[in-house]
$ cat model33.txt   # compact mmCIF, C-alpha atoms
# COMPACT_ATOMS: atom_id res chain seq x y z
CA MET A 6 0.00 0.00 0.00
CA ILE A 7 1.23 3.50 -0.80
CA ARG A 8 2.10 5.44 2.35
CA ILE A 9 1.50 9.21 2.31
CA VAL A 10 1.90 12.31 4.44
CA LEU A 11 -0.51 15.15 3.68
CA ASP A 12 0.55 18.75 4.18
CA THR A 13 -1.92 20.96 6.02
CA ASN A 14 -2.84 22.86 2.84
CA ILE A 15 -4.00 19.56 1.30
CA ILE A 16 -6.14 18.75 4.36
CA ILE A 17 -7.80 22.19 4.31
CA SER A 18 -8.66 21.86 0.62
CA ALA A 19 -9.88 18.29 1.08
CA PHE A 20 -12.04 19.22 4.06
CA GLY A 21 -13.60 22.32 2.55
CA TRP A 22 -13.87 21.68 -1.17
CA ARG A 23 -14.17 18.95 -3.78
CA GLY A 24 -11.12 18.50 -5.99
CA ASN A 25 -7.85 16.59 -6.25
CA GLU A 26 -7.17 16.92 -2.53
CA TYR A 27 -10.62 15.60 -1.65
CA ASN A 28 -10.08 12.65 -4.00
CA ILE A 29 -6.81 11.79 -2.26
CA LEU A 30 -8.45 12.04 1.16
CA GLN A 31 -11.26 9.75 0.00
CA LYS A 32 -8.67 7.19 -1.08
CA THR A 33 -7.21 7.27 2.45
CA MET A 34 -10.68 6.93 3.99
CA ASN A 35 -11.34 3.96 1.69
CA LYS A 36 -8.00 2.46 2.79
CA GLU A 37 -6.56 2.56 -0.73
CA LEU A 38 -3.74 4.75 0.65
CA LEU A 39 -2.23 4.79 4.13
CA LEU A 40 -2.07 8.20 5.81
CA ILE A 41 0.88 8.70 8.16
CA LEU A 42 0.42 11.25 10.98
CA SER A 43 2.50 12.61 13.84
CA PRO A 44 1.23 14.49 16.92
CA GLU A 45 2.65 17.77 15.63
CA ILE A 46 0.97 17.44 12.23
CA LEU A 47 -2.34 16.49 13.81
CA ASP A 48 -2.14 19.53 16.11
CA GLU A 49 -1.47 21.78 13.11
CA TYR A 50 -4.40 20.30 11.15
CA LYS A 51 -6.75 20.99 14.04
CA ARG A 52 -5.40 24.48 14.80
CA VAL A 53 -5.64 25.62 11.17
CA LEU A 54 -9.03 24.03 10.49
CA LEU A 55 -10.42 25.90 13.50
CA LEU A 56 -9.26 29.32 12.24
CA GLN A 57 -12.32 31.52 12.24
CA ARG A 58 -11.66 32.84 8.72
CA LEU A 59 -12.10 29.34 7.29
CA GLY A 60 -15.60 29.12 8.74
CA PHE A 61 -15.59 25.45 9.72
CA GLU A 62 -17.64 24.42 12.75
CA GLU A 63 -15.74 23.04 15.75
CA GLN A 64 -17.95 19.93 15.87
CA GLU A 65 -17.29 19.04 12.21
CA VAL A 66 -13.55 19.59 12.69
CA GLU A 67 -13.55 17.31 15.78
CA GLU A 68 -15.42 14.60 13.83
CA PHE A 69 -12.99 14.94 10.94
CA ILE A 70 -9.94 14.65 13.21
CA THR A 71 -11.48 11.57 14.86
CA ALA A 72 -12.06 10.01 11.42
CA LEU A 73 -8.42 10.67 10.48
CA LEU A 74 -7.20 9.02 13.68
CA GLU A 75 -9.25 5.92 12.87
CA ILE A 76 -7.63 5.37 9.46
CA ALA A 77 -4.11 6.77 9.91
CA GLU A 78 -0.91 5.21 11.16
CA PHE A 79 0.46 7.33 13.98
CA VAL A 80 4.21 7.83 14.36
CA ILE A 81 6.19 9.49 17.11
CA PRO A 82 9.29 11.03 15.50
CA ALA A 83 12.48 9.79 17.11
CA PHE A 84 14.68 12.63 15.90
CA GLU A 85 14.61 16.41 15.83
CA GLN A 86 13.16 18.46 13.01
CA SER A 87 16.20 20.71 13.23
CA SER A 88 18.24 17.94 11.59
CA ILE A 89 16.22 18.49 8.38
CA PHE A 90 17.52 21.41 6.34
CA ILE A 91 14.87 22.85 4.04
CA ARG A 92 13.78 26.35 2.95
CA ASP A 93 11.00 26.69 5.54
CA ALA A 94 11.96 25.02 8.81
CA ALA A 95 8.27 24.86 9.84
CA ASP A 96 7.72 22.32 7.05
CA ALA A 97 10.35 19.92 8.40
CA LYS A 98 7.68 18.13 10.47
CA PHE A 99 6.21 16.67 7.26
CA ILE A 100 9.58 15.31 6.14
CA VAL A 101 10.33 13.93 9.62
CA CYS A 102 6.93 12.21 9.74
CA ALA A 103 7.47 10.78 6.25
CA ILE A 104 10.90 9.41 7.19
CA GLU A 105 9.67 7.97 10.50
CA GLY A 106 6.54 6.49 8.89
CA LYS A 107 8.41 5.16 5.86
CA ALA A 108 6.12 7.17 3.58
CA ASP A 109 6.43 6.99 -0.18
CA TYR A 110 5.06 10.51 -0.75
CA VAL A 111 4.55 13.87 0.87
CA ILE A 112 1.65 15.54 -0.92
CA THR A 113 1.66 19.32 -0.72
CA GLY A 114 0.80 22.57 -2.41
CA ASP A 115 3.67 24.36 -0.66
CA ASP A 116 6.43 25.54 -2.99
CA ASP A 117 8.97 25.34 -0.15
CA LEU A 118 8.44 21.57 -0.14
CA LEU A 119 7.68 21.03 -3.82
CA VAL A 120 11.02 22.56 -4.81
CA LEU A 121 12.73 19.56 -3.15
CA GLU A 122 10.96 17.03 -5.44
CA LYS A 123 12.50 14.23 -3.39
CA TYR A 124 13.99 13.82 0.07
CA ASN A 125 15.95 10.58 0.37
CA SER A 126 13.49 8.08 -1.15
CA ILE A 127 10.38 10.18 -0.41
CA HIS A 128 8.74 11.86 -3.40
CA ILE A 129 7.33 15.33 -2.77
CA VAL A 130 4.51 16.06 -5.19
CA SER A 131 1.39 18.15 -5.75
CA SER A 132 -2.03 16.56 -5.42
CA LYS A 133 -2.53 16.80 -9.20
CA ASN A 134 0.79 15.07 -9.96
CA PHE A 135 0.12 12.40 -7.34
CA LEU A 136 -3.28 11.54 -8.86
CA GLU A 137 -1.77 11.47 -12.36
CA MET A 138 0.93 9.09 -11.12
CA LEU A 139 -1.70 6.89 -9.45
CA GLY A 140 -3.71 6.78 -12.66
CA LYS A 141 -0.67 5.60 -14.63
CA ASN A 142 -0.03 2.80 -12.14
CA ASN A 143 -3.59 1.43 -12.21
$ encode --input "model33.txt" --output "structure tokens"
Amino acid sequence: MIRIVLDTNIIISAFGWRGNEYNILQKTMNKELLLILSPEILDEYKRVLLLQRLGFEEQEVEEFITALLEIAEFVIPAFEQSSIFIRDAADAKFIVCAIEGKADYVITGDDDLLVLEKYNSIHIVSSKNFLEMLGKNN
């Protein structure tokens, strides 16, 4: 099974709108893909989804987070983010989680991550490119 880490921008798009990000999330919910999460990423998902400007209700966010916890593999990173050198240090948590969870892909819309293309054996791709790649492999 393909193991993935989803950047927060992917989760927001998937939660609020229908599109590539939603399709990827549905594949995780259907257990076609395995979502890898860490405590820090989960905290960021929740914090950002609850931002007032996004307009999501607290109850629906709580239910969504609970649903993610039911389908995801949870990892506790064993090493420091500061050992990952990338353009935006705040994004290192996604790389650390991917390494720790032996993920195949980090899916993001963040140029600071996309510019890497690959970190060790982990591919860093947009949601559109990920779905195109999946389509070619089916």
$ closest_residue --input "model33.txt" --among "A:Leu59, A:Ala19, A:Leu136, A:Leu11" --to "Leu118 (chain A)" --atoms "only C-alpha atoms"
A:Leu11
$ closest_residue --input "model33.txt" --among "A:Asn35, A:Ile17, A:Glu26, A:Met6" --to "Lys133 (chain A)" --atoms "only C-alpha atoms"
A:Glu26
$ residues_around --input "model33.txt" --residues "region 98-105 of chain A" --least-positions-apart "6" --cutoff "9 Å" --atoms "all atoms listed in the file" --output "MDAnalysis selection string"
chainID A and resid 8:12 41:43 45:46 80:86 89 111 118 124:127
$ residues_around --input "model33.txt" --residues "Asn14 (chain A)" --least-positions-apart "5" --cutoff "9 Å" --atoms "all atoms listed in the file" --output "PDB file with C-alpha atoms, in the coordinates of the input"
ATOM      1  CA  ALA A  19      -9.880  18.290   1.080  1.00  0.00           C
ATOM      2  CA  TYR A  50      -4.400  20.300  11.150  1.00  0.00           C
ATOM      3  CA  THR A 113       1.660  19.320  -0.720  1.00  0.00           C
ATOM      4  CA  GLY A 114       0.800  22.570  -2.410  1.00  0.00           C
ATOM      5  CA  ASP A 115       3.670  24.360  -0.660  1.00  0.00           C
TER       6      ASP A 115
END
$ closest_residue --input "model33.txt" --among "A:Ser131, A:Ala97, A:Phe20, A:Asn28" --to "Gly60 (chain A)" --atoms "all atoms listed in the file"
A:Phe20
$ residues_around --input "model33.txt" --residues "Phe69 (chain A)" --least-positions-apart "2" --cutoff "12 Å" --atoms "all atoms listed in the file" --output "ChimeraX atom specification"
/A:16-17,19-21,30,34,47,50-51,54-55,61-67,71-76
$ closest_residue --input "model33.txt" --among "A:Asp96, A:Glu78, A:Leu139, A:Lys32" --to "Leu121 (chain A)" --atoms "all atoms listed in the file"
A:Asp96
$ atom_distance --input "model33.txt" --atom1 "CA of Ile7 (chain A)" --atom2 "CA of Leu40 (chain A)"
8.8 Å
$ closest_residue --input "model33.txt" --among "A:Asp116, A:Glu49, A:Ala108, A:Lys141" --to "His128 (chain A)" --atoms "all atoms listed in the file"
A:Ala108
